[in-house]
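Source file: model_21.cif (mmCIF, C-alpha atoms and all ligand atoms)
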data_input
loop_
_atom_site.label_atom_id
_atom_site.label_comp_id
_atom_site.auth_asym_id
_atom_site.auth_seq_id
_atom_site.Cartn_x
_atom_site.Cartn_y
_atom_site.Cartn_z
CA MET A 30 29.02 11.71 0.58
CA ALA A 31 32.41 13.23 1.03
CA LYS A 32 33.08 13.96 -2.61
CA LYS A 33 30.87 15.69 -5.10
CA THR A 34 28.48 13.07 -6.48
CA PRO A 35 26.29 12.91 -9.58
CA ASP A 36 22.60 13.51 -8.85
CA ASN A 37 21.17 10.72 -11.03
CA LEU A 38 21.97 7.93 -8.56
CA GLY A 39 19.70 4.99 -7.81
CA PRO A 40 17.95 4.63 -4.43
CA ALA A 41 20.39 2.11 -2.94
CA THR A 42 23.32 4.40 -3.71
CA ARG A 43 21.49 7.43 -2.35
CA LEU A 44 20.76 5.59 0.92
CA VAL A 45 24.47 4.95 1.36
CA GLY A 46 25.49 8.56 0.79
CA ALA A 47 22.55 10.50 2.25
CA GLY A 48 23.47 13.10 4.87
CA ARG A 49 27.17 12.25 4.87
CA SER A 50 28.42 15.67 3.81
CA ALA A 51 32.01 16.52 4.71
CA GLU A 52 30.61 19.13 7.09
CA TRP A 53 29.14 16.42 9.34
CA THR A 54 31.80 13.72 8.95
CA GLY A 55 35.06 15.68 8.91
CA THR A 56 37.29 16.91 6.11
CA PRO A 57 38.36 13.95 3.94
CA SER A 58 41.78 15.43 3.21
CA GLN A 59 42.58 15.48 6.92
CA PRO A 60 43.06 12.48 9.19
CA GLY A 61 40.20 11.80 11.59
CA SER A 62 37.26 12.13 9.25
CA VAL A 63 34.67 9.39 9.68
CA VAL A 64 32.09 7.45 7.66
CA SER A 65 29.04 8.04 9.87
CA PRO A 66 28.28 11.41 11.49
CA PRO A 67 29.31 11.05 15.16
CA VAL A 68 26.93 11.58 18.06
CA TRP A 69 27.32 15.24 18.92
CA ARG A 70 25.91 15.71 22.41
CA ALA A 71 25.47 19.33 23.45
CA SER A 72 22.99 21.72 25.01
CA THR A 73 25.47 24.61 24.89
CA HIS A 74 27.47 25.55 21.83
CA LEU A 75 30.39 27.81 22.76
CA TYR A 76 31.29 30.92 20.78
CA PRO A 77 34.96 32.00 20.48
CA ASP A 78 34.17 35.64 21.41
CA SER A 79 31.31 38.13 21.68
CA ALA A 80 31.83 39.25 18.09
CA ALA A 81 30.93 35.72 17.00
CA VAL A 82 27.76 35.87 19.13
CA HIS A 83 26.70 39.08 17.41
CA ALA A 84 27.59 37.69 13.96
CA GLY A 85 25.75 34.39 14.59
CA LYS A 86 22.91 33.11 12.44
CA PRO A 87 20.82 31.67 15.24
CA ASN A 88 17.74 30.87 13.22
CA GLU A 89 19.24 29.02 10.29
CA ASP A 90 19.76 25.28 10.03
CA GLY A 91 23.28 23.98 10.14
CA HIS A 92 24.59 26.83 12.33
CA PHE A 93 25.65 26.27 15.90
CA TYR A 94 23.44 28.25 18.25
CA TYR A 95 21.88 26.24 21.09
CA GLY A 96 21.13 22.53 21.57
CA ARG A 97 17.40 22.88 20.97
CA ARG A 98 18.17 23.97 17.41
CA GLY A 99 20.10 20.74 16.85
CA SER A 100 23.71 19.80 16.23
CA PRO A 101 25.53 18.00 13.38
CA THR A 102 24.03 14.56 14.14
CA GLN A 103 20.44 15.80 13.82
CA TRP A 104 21.34 18.02 10.86
CA ALA A 105 22.92 15.05 9.05
CA LEU A 106 19.73 13.00 9.53
CA ALA A 107 17.48 15.87 8.41
CA ASP A 108 19.75 16.42 5.37
CA ALA A 109 19.63 12.71 4.54
CA LEU A 110 15.83 12.63 4.62
CA THR A 111 15.64 15.80 2.53
CA GLU A 112 18.00 14.26 -0.06
CA LEU A 113 15.74 11.20 -0.27
CA GLU A 114 12.51 13.20 -0.66
CA PRO A 115 12.24 14.71 -4.16
CA GLY A 116 10.87 18.26 -3.99
CA ALA A 117 11.74 18.81 -0.32
CA ALA A 118 13.49 22.00 0.77
CA GLY A 119 14.02 20.65 4.27
CA THR A 120 12.96 18.15 6.93
CA VAL A 121 11.95 18.75 10.54
CA LEU A 122 12.56 15.98 13.09
CA TYR A 123 10.15 15.21 15.94
CA PRO A 124 10.36 12.92 18.97
CA SER A 125 7.68 10.61 17.47
CA GLY A 126 5.52 10.12 14.41
CA VAL A 127 2.49 11.46 16.27
CA ALA A 128 4.47 14.60 17.17
CA ALA A 129 5.22 14.99 13.44
CA VAL A 130 1.51 14.74 12.56
CA ALA A 131 0.74 17.34 15.25
CA GLY A 132 3.61 19.56 14.07
CA ALA A 133 2.33 19.50 10.49
CA LEU A 134 -1.32 20.18 11.43
CA PHE A 135 -0.44 22.98 13.87
CA SER A 136 1.63 24.60 11.12
CA VAL A 137 -1.35 25.01 8.78
CA LEU A 138 -4.52 25.16 10.95
CA ARG A 139 -5.95 27.94 13.13
CA PRO A 140 -9.07 28.15 15.35
CA GLY A 141 -12.20 28.24 13.17
CA ASP A 142 -10.64 26.15 10.41
CA VAL A 143 -11.94 22.80 9.22
CA LEU A 144 -9.66 19.78 8.71
CA LEU A 145 -10.66 17.05 6.28
CA MET A 146 -9.39 13.62 7.25
CA THR A 147 -9.36 10.30 5.48
CA ASP A 148 -11.53 7.80 7.34
CA ASN A 149 -8.71 5.22 7.50
CA ALA A 150 -6.29 7.51 9.35
CA TYR A 151 -4.05 6.21 12.15
CA GLU A 152 -6.02 6.03 15.41
CA PRO A 153 -3.92 8.54 17.40
CA THR A 154 -4.31 11.00 14.50
CA ARG A 155 -8.10 10.59 14.74
CA SER A 156 -7.92 11.06 18.52
CA MET A 157 -5.89 14.23 18.07
CA ALA A 158 -8.67 15.60 15.84
CA ARG A 159 -11.42 14.61 18.29
CA GLY A 160 -9.56 15.96 21.32
CA LEU A 161 -6.82 18.54 21.07
CA LEU A 162 -7.82 20.03 17.70
CA LYS A 163 -11.50 20.18 18.66
CA ASP A 164 -10.61 21.92 21.93
CA MET A 165 -8.66 24.48 19.90
CA GLY A 166 -11.73 25.25 17.79
CA ILE A 167 -10.68 23.19 14.78
CA GLU A 168 -13.43 20.99 13.36
CA THR A 169 -12.66 17.70 11.55
CA ARG A 170 -14.76 16.06 8.85
CA TRP A 171 -14.00 12.52 7.70
CA PHE A 172 -14.37 11.20 4.17
CA ASP A 173 -14.24 7.84 2.36
CA PRO A 174 -10.60 7.19 1.37
CA LEU A 175 -11.68 5.50 -1.88
CA ASP A 176 -14.05 8.22 -3.07
CA PRO A 177 -12.54 11.49 -4.40
CA ALA A 178 -16.12 12.74 -4.99
CA ALA A 179 -16.81 12.38 -1.26
CA PHE A 180 -13.74 14.48 -0.57
CA ALA A 181 -14.89 17.16 -3.04
CA ALA A 182 -18.35 17.13 -1.43
CA ALA A 183 -16.89 17.53 2.08
CA ALA A 184 -14.67 20.47 1.07
CA CYS A 185 -15.88 23.86 2.31
CA GLU A 186 -14.86 27.51 2.61
CA ARG A 187 -13.38 26.96 6.06
CA CYS A 188 -11.49 23.80 5.01
CA LYS A 189 -7.80 24.67 5.27
CA ALA A 190 -6.06 21.30 5.30
CA VAL A 191 -6.61 17.67 4.45
CA LEU A 192 -4.89 14.74 6.10
CA LEU A 193 -4.34 11.78 3.78
CA GLU A 194 -2.83 8.43 4.69
CA SER A 195 -2.20 6.03 1.83
CA PRO A 196 -2.41 3.13 2.34
CA GLY A 197 -4.38 3.88 5.54
CA SER A 198 -3.95 2.21 8.91
CA LEU A 199 -5.34 -1.30 9.56
CA THR A 200 -7.48 -1.59 6.40
CA LEU A 201 -4.79 -0.31 4.00
CA GLU A 202 -6.97 1.31 1.32
CA VAL A 203 -4.78 3.15 -1.20
CA GLN A 204 -5.93 6.69 -1.98
CA ASP A 205 -5.74 8.57 -5.27
CA VAL A 206 -3.25 11.09 -3.87
CA PRO A 207 -2.65 12.89 -7.22
CA ALA A 208 -6.41 13.35 -7.82
CA LEU A 209 -7.17 14.36 -4.23
CA SER A 210 -4.21 16.77 -4.21
CA ALA A 211 -5.44 18.40 -7.43
CA LEU A 212 -8.94 18.84 -5.93
CA ALA A 213 -7.39 20.27 -2.76
CA ARG A 214 -5.11 22.66 -4.65
CA GLU A 215 -8.08 24.11 -6.62
CA ARG A 216 -9.69 24.92 -3.27
CA GLY A 217 -6.61 26.28 -1.49
CA ILE A 218 -6.51 23.30 0.89
CA VAL A 219 -3.07 22.21 2.16
CA VAL A 220 -2.37 18.49 1.65
CA VAL A 221 -0.66 16.69 4.54
CA LEU A 222 0.16 13.06 3.73
CA ASP A 223 1.17 10.41 6.24
CA ASN A 224 3.53 8.37 4.05
CA THR A 225 4.85 6.02 6.73
CA TRP A 226 3.87 2.82 4.85
CA ALA A 227 5.64 3.54 1.55
CA GLY A 228 8.31 6.10 2.44
CA PRO A 229 10.01 8.26 -0.19
CA LEU A 230 11.60 5.38 -2.14
CA ALA A 231 8.27 3.75 -3.04
CA PHE A 232 6.09 6.87 -3.12
CA PRO A 233 7.69 10.33 -3.67
CA ALA A 234 4.85 12.14 -1.92
CA LEU A 235 5.65 15.77 -2.78
CA GLU A 236 6.00 14.87 -6.47
CA ARG A 237 2.62 13.11 -6.30
CA GLY A 238 0.91 16.27 -5.01
CA ALA A 239 1.30 16.46 -1.22
CA ASP A 240 2.39 19.80 0.32
CA ILE A 241 3.74 18.25 3.52
CA VAL A 242 4.85 14.64 3.92
CA VAL A 243 4.92 13.10 7.38
CA MET A 244 6.57 9.83 8.42
CA SER A 245 6.97 7.85 11.59
CA LEU A 246 10.71 7.13 11.49
CA THR A 247 9.99 4.66 14.31
CA LYS A 248 9.01 2.19 11.57
CA HIS A 249 11.17 1.66 8.44
CA VAL A 250 13.95 4.15 9.15
CA GLY A 251 14.61 3.01 12.72
CA GLY A 252 13.94 -0.56 11.63
CA HIS A 253 15.08 -2.20 14.87
CA SER A 254 12.20 -1.48 17.28
CA ASP A 255 14.43 0.52 19.62
CA LEU A 256 13.75 4.09 18.55
CA MET A 257 10.88 6.61 18.43
CA MET A 258 11.04 9.50 15.95
CA GLY A 259 9.05 11.32 13.30
CA SER A 260 9.67 13.68 10.40
CA ALA A 261 7.87 16.21 8.25
CA ALA A 262 9.29 17.43 4.94
CA ALA A 263 8.05 20.07 2.49
CA GLY A 264 9.03 22.57 -0.17
CA GLU A 265 10.23 26.10 0.81
CA LYS A 266 6.87 27.58 1.84
CA TYR A 267 5.64 24.87 4.17
CA TYR A 268 9.09 23.89 5.40
CA ALA A 269 9.45 27.40 6.86
CA LYS A 270 6.09 27.03 8.63
CA LEU A 271 6.96 23.55 9.94
CA ARG A 272 10.23 24.76 11.33
CA LYS A 273 8.76 27.82 13.04
CA THR A 274 6.01 25.75 14.66
CA ALA A 275 8.46 23.05 15.81
CA GLN A 276 10.71 25.71 17.35
CA SER A 277 7.77 27.34 19.14
CA LEU A 278 6.77 23.95 20.56
CA GLY A 279 10.39 23.24 21.57
CA GLN A 280 10.60 20.06 19.50
CA VAL A 281 14.04 18.45 19.46
CA VAL A 282 15.35 14.89 19.09
CA SER A 283 18.32 13.39 20.86
CA PRO A 284 21.58 13.09 18.88
CA ASP A 285 21.85 9.45 20.04
CA ASP A 286 18.48 8.71 18.48
CA ALA A 287 19.43 10.62 15.32
CA ALA A 288 22.56 8.46 15.00
CA LEU A 289 20.45 5.30 15.39
CA ALA A 290 18.03 6.55 12.73
CA LEU A 291 20.97 7.24 10.38
CA ARG A 292 22.24 3.72 11.01
CA GLY A 293 18.80 2.29 10.25
CA LEU A 294 18.54 4.33 7.08
CA ARG A 295 21.64 2.68 5.55
CA THR A 296 19.97 -0.76 5.46
CA MET A 297 16.39 0.43 4.92
CA GLY A 298 16.40 -0.35 1.20
CA LEU A 299 17.60 -3.92 1.72
CA ARG A 300 15.16 -4.53 4.56
CA LEU A 301 12.24 -3.12 2.56
CA GLU A 302 13.10 -5.27 -0.46
CA ARG A 303 13.13 -8.41 1.65
CA GLU A 304 10.00 -7.51 3.68
CA THR A 305 8.10 -6.58 0.53
CA ALA A 306 8.91 -9.88 -1.19
CA SER A 307 7.93 -11.89 1.92
CA SER A 308 4.81 -9.82 2.51
CA LEU A 309 3.60 -10.47 -1.03
CA ALA A 310 4.39 -14.21 -0.84
CA LEU A 311 2.62 -14.58 2.52
CA ALA A 312 -0.35 -12.49 1.36
CA GLN A 313 -0.75 -14.74 -1.68
CA TRP A 314 -0.47 -17.87 0.44
CA LEU A 315 -3.03 -16.54 2.95
CA SER A 316 -5.51 -15.45 0.28
CA ALA A 317 -5.73 -19.05 -0.96
CA ARG A 318 -6.68 -20.37 2.51
CA LEU A 319 -10.28 -21.26 3.36
CA GLU A 320 -9.92 -19.80 6.90
CA VAL A 321 -9.22 -16.35 5.42
CA ALA A 322 -12.01 -14.12 4.08
CA ARG A 323 -9.87 -11.22 2.94
CA VAL A 324 -6.23 -10.17 2.74
CA LEU A 325 -5.81 -6.40 2.84
CA ASN A 326 -2.46 -5.82 1.18
CA PRO A 327 -2.16 -3.06 -1.45
CA MET A 328 0.24 -5.21 -3.47
CA LEU A 329 -2.40 -7.94 -3.88
CA PRO A 330 -5.02 -7.72 -6.67
CA GLY A 331 -8.46 -7.27 -5.11
CA SER A 332 -7.18 -5.23 -2.16
CA PRO A 333 -8.88 -1.79 -2.01
CA GLY A 334 -6.95 0.65 -4.19
CA HIS A 335 -4.60 -2.01 -5.61
CA GLU A 336 -4.86 -0.39 -9.08
CA LEU A 337 -3.65 2.91 -7.58
CA TRP A 338 -0.76 1.13 -5.90
CA THR A 339 0.20 -0.35 -9.28
CA ARG A 340 -0.06 3.06 -10.93
CA ASP A 341 1.60 5.29 -8.30
CA PHE A 342 3.97 3.18 -6.18
CA SER A 343 7.32 1.61 -7.02
CA GLY A 344 7.53 -0.56 -3.92
CA GLY A 345 5.85 -1.73 -0.76
CA CYS A 346 6.66 -2.99 2.72
CA GLY A 347 5.91 -5.80 5.14
CA LEU A 348 2.70 -4.45 6.70
CA PHE A 349 -0.74 -5.85 5.88
CA SER A 350 -3.92 -7.18 7.47
CA LEU A 351 -6.02 -10.31 7.12
CA VAL A 352 -9.63 -10.95 8.03
CA PHE A 353 -10.87 -14.37 9.14
CA LYS A 354 -13.89 -16.09 7.63
CA GLY A 355 -16.51 -15.74 10.38
CA LYS A 356 -15.97 -17.10 13.91
CA ASP A 357 -15.24 -14.75 16.81
CA GLY A 358 -12.62 -12.86 18.76
CA LYS A 359 -11.70 -15.97 20.75
CA ALA A 360 -10.72 -17.82 17.56
CA ARG A 361 -8.71 -14.81 16.46
CA ASP A 362 -6.89 -14.78 19.82
CA ALA A 363 -6.18 -18.51 19.44
CA PHE A 364 -4.52 -17.75 16.08
CA ILE A 365 -2.36 -15.03 17.64
CA ASP A 366 -1.37 -17.10 20.67
CA ALA A 367 -0.38 -20.11 18.53
CA LEU A 368 2.19 -18.09 16.56
CA THR A 369 5.75 -18.58 17.74
CA LEU A 370 7.72 -16.28 15.40
CA PHE A 371 5.41 -13.24 15.51
CA GLY A 372 5.80 -11.05 18.58
CA ILE A 373 2.50 -9.64 19.90
CA GLY A 374 2.95 -5.90 20.03
CA TYR A 375 2.30 -2.52 18.46
CA SER A 376 4.43 -0.79 15.87
CA TRP A 377 5.87 -2.32 12.70
CA GLY A 378 8.70 -1.98 10.21
CA GLY A 379 11.25 -3.68 12.47
CA PHE A 380 13.50 -6.62 11.54
CA GLU A 381 11.21 -8.98 13.48
CA SER A 382 7.68 -10.08 12.59
CA LEU A 383 4.79 -8.80 14.71
CA VAL A 384 1.06 -9.45 15.01
CA THR A 385 -1.76 -7.40 16.58
CA PRO A 386 -5.55 -7.86 16.63
CA ILE A 387 -7.48 -5.21 14.67
CA ASP A 388 -11.02 -3.95 15.27
CA PRO A 389 -11.59 -1.15 12.75
CA ALA A 390 -15.39 -0.89 13.40
CA GLY A 391 -14.97 1.70 16.16
CA LEU A 392 -12.57 3.76 14.06
CA ARG A 393 -14.97 4.66 11.25
CA THR A 394 -17.02 7.81 10.75
CA ALA A 395 -17.70 8.20 7.02
CA THR A 396 -17.40 4.53 6.07
CA ARG A 397 -18.06 1.17 7.71
CA TRP A 398 -16.40 -2.06 8.73
CA PRO A 399 -16.50 -4.70 7.29
CA LEU A 400 -15.66 -2.93 4.03
CA PRO A 401 -18.20 -2.85 1.18
CA GLY A 402 -18.34 -6.24 -0.55
CA MET A 403 -17.31 -8.08 2.62
CA ASP A 404 -19.64 -10.41 4.51
CA ALA A 405 -20.91 -8.89 7.80
CA ALA A 406 -19.73 -12.03 9.61
CA ASP A 407 -16.14 -11.51 8.50
CA ARG A 408 -15.07 -8.91 11.08
CA PHE A 409 -12.19 -10.31 13.08
CA GLY A 410 -8.76 -9.62 11.75
CA VAL A 411 -5.11 -9.23 12.58
CA ARG A 412 -2.39 -6.97 11.30
CA LEU A 413 0.93 -8.56 10.42
CA SER A 414 4.27 -6.83 10.14
CA ILE A 415 6.59 -9.12 8.21
CA GLY A 416 10.22 -9.08 9.27
CA LEU A 417 13.42 -10.56 7.92
CA GLU A 418 12.85 -14.21 8.93
CA GLU A 419 12.77 -16.99 6.32
CA GLN A 420 9.53 -17.06 4.33
CA ALA A 421 9.13 -20.83 4.81
CA ASP A 422 9.42 -20.50 8.61
CA LEU A 423 6.83 -17.72 8.69
CA ILE A 424 4.43 -19.76 6.54
CA ALA A 425 4.82 -22.77 8.83
CA ASP A 426 4.04 -20.48 11.77
CA LEU A 427 0.92 -19.07 10.08
CA GLU A 428 -0.14 -22.65 9.37
CA ARG A 429 0.08 -23.32 13.15
CA GLY A 430 -1.99 -20.20 13.81
CA LEU A 431 -4.69 -21.18 11.32
CA ALA A 432 -4.90 -24.69 12.81
CA ALA A 433 -5.48 -23.16 16.26
CA TRP A 434 -8.11 -20.81 14.75
CA SER A 435 -9.91 -23.77 13.18
CA ALA A 436 -9.81 -25.74 16.44
CA ALA A 437 -11.14 -22.82 18.52
C1 LIG B 501 3.14 4.42 13.93
C2 LIG B 501 2.46 5.39 13.05
C3 LIG B 501 2.45 6.75 13.37
C4 LIG B 501 2.98 7.30 14.65
O1 LIG B 501 4.31 7.07 14.84
P1 LIG B 501 5.01 7.00 16.30
O2 LIG B 501 6.42 7.15 15.96
O3 LIG B 501 4.63 5.68 16.88
O4 LIG B 501 4.45 8.14 17.09
C5 LIG B 501 1.86 7.61 12.47
N1 LIG B 501 1.30 7.16 11.34
C6 LIG B 501 1.28 5.87 11.02
C7 LIG B 501 0.66 5.44 9.74
C8 LIG B 501 1.86 4.94 11.87
O5 LIG B 501 1.80 3.63 11.57
#

Give the structure from this file in structure tokens form.
Ligand SMILES: *Cc1c(COP(=O)(O)O)cnc(C)c1O
Amino acid sequence: MAKKTPDNLGPATRLVGAGRSAEWTGTPSQPGSVVSPPVWRASTHLYPDSAAVHAGKPNEDGHFYYGRRGSPTQWALADALTELEPGAAGTVLYPSGVAAVAGALFSVLRPGDVLLMTDNAYEPTRSMARGLLKDMGIETRWFDPLDPAAFAAAACERCKAVLLESPGSLTLEVQDVPALSALARERGIVVVLDNTWAGPLAFPALERGADIVVMSLTKHVGGHSDLMMGSAAAGEKYYAKLRKTAQSLGQVVSPDDAALALRGLRTMGLRLERETASSLALAQWLSARLEVARVLNPMLPGSPGHELWTRDFSGGCGLFSLVFKGKDGKARDAFIDALTLFGIGYSWGGFESLVTPIDPAGLRTATRWPLPGMDAADRFGVRLSIGLEEQADLIADLERGLAAWSAA
């Protein structure tokens, strides 16, 4: 955004301009300025003289100091994400989404504290609570993502933070983030929200009540399955804590990766539009099939928390799960192996469609799998990440998969 721009721009326009300040792209009035912030590789930043060293502002963003504090490529990406997140004072970048979750939790929790965690949280986040946080003397209590009363009942004197994830991993229940945030605020509990599914365009997390919003940039922002990165954004108070903690832990991302993330960001809106439309069409098609017991997609009526998605979200993405009607794991594997357009692999949010088996039963503490209202025999599911392929081709592929499931 070389020139001064109005601040009432739509999301697509903001994605084009985000982070492209003249500072990071060159001075427009001079030859040699560029559209995208260049990759600025450096561990050492040189000072012109010792007076400049003494006058330096080593602990402020956007000032050359030392490579671990970043350089213009990382600053441009952090600026871009801050511009896209209403209410954010700044964004900290991490080498992965899990590192961002850890960075946020370490910023607000101390030994003796209790962390409340939604029962549908991402598995590595749960493992962090059971392992590293427990070893540090931080206790975690899980609660039903669909029951704000359960959250209020679990809250205690020692509860200092809550981790929300909406929609949650694998089962995709949408949480009442505004209500839970209000309950947390009354009790002095810091709200950390993993907003990887929706991102800031579909769910402005800080405006909806979160204190810190975490994302795996590996997913929608990267968008091409060739990059690992995470971010945490917050208003003044928690941004300062995030930054201090990240610096103490020596967190830094490569400028090459930051440039890739900036490139991904430019097309994120278009990709999300397309993936969301395909995801909804495929979810509707699947929910009419006799082989399918349940489609867990927040955009589909009947999916847990769908009413909250309708109320609070302005968009979606290509990630959802489906549960087969009875049968066993072998039939599920036959479905997966018969697909030709869906790669079998972890992660999501890339341009290509992916499928993975899901087994949420072992990842539940406060709730159970199958979900309430589901038949106990309907346990075997898969998670689909819908990419940019043609809808008709993907449907034909799913048809192949369902035929193999039926034959198994
Ligand atoms: C993938 C994911 C993460 C972790 O991100 P990485 O970049 O893979 O470390 C965190 N939260 C959610 C919801 C995710 O899907």

Using only C-alpha atoms and all ligand atoms, what does the table of chain A residues within 6 Å of ligand LIG 501 (chain B) look like, with each row giving the shortest atom pair and its distance in Å to one decimal, sorted by chain and ascending number, as a Markdown table?
| residue | atom | partner | partner_atom | distance |
| --- | --- | --- | --- | --- |
| A:Ser125 | CA | B:LIG501 | O2 | 4.0 |
| A:Gly126 | CA | B:LIG501 | O1 | 3.3 |
| A:Val127 | CA | B:LIG501 | O4 | 3.9 |
| A:Tyr151 | CA | B:LIG501 | C7 | 5.3 |
| A:Ser198 | CA | B:LIG501 | C7 | 5.7 |
| A:Thr225 | CA | B:LIG501 | C7 | 5.2 |
| A:Ser245 | CA | B:LIG501 | O1 | 4.3 |
| A:Thr247 | CA | B:LIG501 | O2 | 4.7 |
| A:Met257 | CA | B:LIG501 | O2 | 5.1 |
| A:Met258 | CA | B:LIG501 | O2 | 5.2 |
| A:Gly259 | CA | B:LIG501 | O2 | 5.6 |
| A:Ser376 | CA | B:LIG501 | C1 | 5.7 |

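Closest approach to Glu265 in chain A among A:Glu168, A:Ile241, A:Tyr94, A:Leu138: A:Ile241, based on only C-alpha atoms.
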
Open item on the list: Report, in Å to a single decimal, how far apart CA of Leu256 in chain A and CA of Asp285 in chain A are.
Closed with: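 Separating CA of Asp285 in chain A from CA of Leu256 in chain A is a distance of 9.8 Å.
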
Task: Leu301 in chain A surroundings by only C-alpha atoms, 8 Å radius, close-in-sequence under 4 positions cut, as a ChimeraX atom specification - done: /A:249,297,305,345-347

Task: 9 Å contact set for Lys356 in chain A, only C-alpha atoms, chain neighbours under 3 positions out, as a VMD selection string - done: chain A and resid 353 359 to 361 406 to 409 434 437

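Computed from the coordinates, the CA of Leu192 in chain A to CA of Gly416 in chain A distance equals 28.4 Å.
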
- [ ] Pick out the closest residue to Ala41 in chain A from this set: A:Ile373, A:Leu230, A:Met146, A:Val219. Count all atoms listed in the file.
- [x]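 Counting all atoms listed in the file, the residue closest to Ala41 in chain A is A:Leu230.
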
- [ ] Pick out the closest residue to Ala117 in chain A from this set: A:Arg98, A:Arg397, A:Lys266, A:Arg323. Count all atoms listed in the file.
- [x]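 Of the candidates, the smallest distance to Ala117 in chain A is held by A:Lys266.
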
TODO: Quote the spacing between CA of Glu152 in chain A and CA of Leu392 in chain A in Å to one decimal place.
DONE: 7.1 Å

Task: Which of A:His92, A:Arg393, A:Arg97, A:His83 sits closest to Gly279 in chain A [using all atoms listed in the file] - done: A:Arg97

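Nearest to Leu294 in chain A of all the residues A:Asn326, A:Asn224, A:Thr396, A:Thr42 is A:Thr42, counting only C-alpha atoms.
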
Against range 176-191 of chain A, which residues of range 42-152 of chain A fall within 9 Å? For each one I want the closest pair of atoms and the distance in Å (one decimal), counting all atoms listed in the file, rows by chain and increasing residue number, as CSV.
residue,atom,partner,partner_atom,distance
A:Leu134,CA,A:Ala190,CA,7.8
A:Val137,CA,A:Ala190,CA,6.9
A:Leu138,CA,A:Lys189,CA,6.6
A:Arg139,CA,A:Lys189,CA,8.7
A:Gly141,CA,A:Arg187,CA,7.3
A:Asp142,CA,A:Arg187,CA,5.2
A:Val143,CA,A:Cys188,CA,4.4
A:Leu144,CA,A:Ala190,CA,5.2
A:Leu145,CA,A:Val191,CA,4.5
A:Met146,CA,A:Val191,CA,5.7
A:Thr147,CA,A:Val191,CA,7.9

Closest atom pairs, range 190-308 of chain A residues within 12 Å of range 313-320 of chain A, only C-alpha atoms, as a Markdown table:
| residue | atom | partner | partner_atom | distance |
| --- | --- | --- | --- | --- |
| A:Ala306 | CA | A:Gln313 | CA | 10.8 |
| A:Ser307 | CA | A:Gln313 | CA | 9.8 |
| A:Ser308 | CA | A:Gln313 | CA | 8.5 |

Any chance you can output those residues with C-alpha atoms as a PDB file, keeping the file's coordinate frame?
ATOM      1  CA  ALA A 306       8.910  -9.880  -1.190  1.00  0.00           C
ATOM      2  CA  SER A 307       7.930 -11.890   1.920  1.00  0.00           C
ATOM      3  CA  SER A 308       4.810  -9.820   2.510  1.00  0.00           C
TER       4      SER A 308
END

Open item on the list: Let me make sure I understand: among A:Thr385, A:Tyr267, A:Pro196, A:Val281, which one has the smallest atom-to-atom distance to Tyr95 in chain A if we use all atoms listed in the file?
Closed with: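 Result for the nearest residue to Tyr95 in chain A: A:Val281.
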